[in-house]
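What follows is one structure encoded as structure tokens, with my remarks underneath.
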Amino acid sequence: MSLSTKQSLVKVMVKALLADEIQVSDALHEVFKQAPVAYVPYESEHVLLSVYLSAGTARQQSAKIRIKRKLSELGGSGLDLLKGPVRVQVSLVPREDWAESWKRHFKPLEIGKSLLVKPSWSRRRPRKNQSLVILDPGLSFGTGNHPTTAFCLKQLVSCRDKSAKQSLLDLGTGSGILAIASAKLGYHPVLAVDNDPDAIRIAQENSRANGTSSLIVFRGQDIRKKFSLNRLYDLICANLQRDLLLSHRELLTRILAPGGYLALAGILTSEFDPVNESYIQAGLCLIHSQSKGEWRSGLFQKPASI
């Protein structure tokens, strides 16, 4: 999206239950051809999904009609694809106000004493020996406030053994936050994969801004198609939808090093049990899980003997 600094934006924001995030996010992407920004207020059961469009009164009115029509298709006609009500708000936002609004929402995120993730405008300084990741939100990508991303960040810290060389695979890298954080924490090599070219481009920009370009390999690839890797990974972060986690179980367990860890996120609480059972059948052990809102994530380990 090419916009001057003085040009206003049309903000389309949908408030929905966390359980409906995937369906609403897909609806926004389908209607506006733009991946929405996701923001989960602290201790909330709801998610705010927003897209920003070029301004204009007609565009503003049209946007509201189009997304309401799409959401009504999901929640009506007996389909019952949404678990709760949604609220649509369309407003005209000066670009300067849009930029300032992120400063109210995005605060530094501290993962123990090892990692600090913060936006560039924050004056927060890292503690001694604390790795720092600076990541600003963009029109399409956030900074790790989502519970599934936060879970993966915690696993990067908890699984890191500074006395050993550990490799990392980040599937569904998005903004690149997990790959960048892992490189800062000492994981090497680091491979980050996403099927969205815009995600790869933005992740590479974020990596350059953090000085980790030489430490991360970014690959634009759809894992639903032929996907092969020539090494094993000590930690794999797969922030993917349930169907992909189930259909790619064999691949993920095969490329996980003996004794390695697999962090599975992006799973609704109601859908976690089938994923858990599938990976346990494959020989992995669930060693930790966490629920927040309608999301549940799990950390699995591969026995050293497999």
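Residues in the structure tokens are named by chain (A, B, ... in the order shown) and by number from 1 within that chain; ligands are numbered from 1 in the order shown.
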Inset, instruction - For segment 248-253 of chain A, please output as a ChimeraX atom specification all residues within 12 Å (counting only C-alpha atoms; exclusion window: fewer than 4 positions along the same chain). - result: /A:169-171,223-238,240-244,257-264,274-285,300-303,306
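Excluding Val117 of chain A itself and any same-chain residue fewer than 6 positions from it, the protein and nucleic acid residues within 9 Å of it, counting only C-alpha atoms, are Lys107, Pro108, Leu109, Glu110, Ile111, Ser131, Leu132, Val133, Ile134, Leu135, Thr143, Gly144, Ile177 and Ala181 of chain A.
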Inset, instruction - Report the residues of segment 27-202 of chain A whose backbone DSSP state falls under strand (DSSP E or B), written as a PyMOL selection string. - result: chain A and resi 37-39+46-54+87-94+109-111+115-118+131-134+168-171+190-194
Legend entry - Which of A:Ser167, A:Gln221, A:Gln290, A:Asn195 sits closest to Ile255 of chain A [using only C-alpha atoms]: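 Of A:Ser167, A:Gln221, A:Gln290, A:Asn195, the one nearest Ile255 of chain A is A:Ser167, counting only C-alpha atoms.
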Legend entry - Å distance separating atom CA of Tyr187 of chain A from atom CA of Leu168 of chain A, one decimal place: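 So the two atoms, atom CA of Tyr187 of chain A and atom CA of Leu168 of chain A, lie 6.3 Å apart.
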Inset, instruction - Determine which residues of segment 1-237 of chain A receive a DSSP assignment of alpha helix (DSSP H), computed from the backbone, and state them as JSON, numbers by chain. - result: {"A": [21, 22, 23, 24, 25, 26, 27, 28, 29, 30, 31, 32, 57, 58, 59, 60, 61, 62, 63, 64, 65, 66, 67, 68, 69, 70, 71, 72, 73, 74, 75, 95, 96, 97, 98, 99, 100, 101, 102, 103, 104, 105, 147, 148, 149, 150, 151, 152, 153, 154, 155, 156, 157, 158, 177, 178, 179, 180, 181, 182, 183, 184, 185, 197, 198, 199, 200, 201, 202, 203, 204, 205, 206, 207, 208, 209]}
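Every protein, DNA or RNA residue with an atom at most 6 Å from Leu49 of chain A, where only C-alpha atoms count and chain neighbours fewer than 5 positions away do not, is listed here: A:Met13, A:Val14, A:Pro36, A:Val37, A:Ala38.
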Inset, instruction - Quote the spacing between atom CA of Phe218 of chain A and atom CA of Ala192 of chain A in Å to one decimal place. - result: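 Rounded to one decimal, the two atoms are 4.8 Å apart.
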Legend entry - Counting only C-alpha atoms, the option among A:Arg124, A:His46, A:Lys154, A:Lys113 closest to Gly298 of chain A: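 Counting only C-alpha atoms, the residue closest to Gly298 of chain A is A:Lys154.
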Inset, instruction - Identify which of the residues A:Leu82, A:Leu256, A:Asp161, A:Tyr52 lies closest to Ala19 of chain A, counting only C-alpha atoms when measuring atom-to-atom distances. - result: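 Of all the options, A:Leu82 lies closest to Ala19 of chain A.
If you measure from each of A:Lys292, A:Lys128, A:Arg219, A:Arg69 to Ala199 of chain A using only C-alpha atoms, the closest one turns out to be A:Arg219.
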Inset, instruction - Rank A:Ala35, A:Ala265, A:Ala304, A:Val193 by their smallest atom-to-atom distance to Val217 of chain A, using only C-alpha atoms, and report the top residue only. - result: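 For Val217 of chain A, the nearest of the given residues is A:Val193.
Distance-wise, atom CA of Asp196 of chain A and atom CA of Thr173 of chain A end up 9.5 Å apart.
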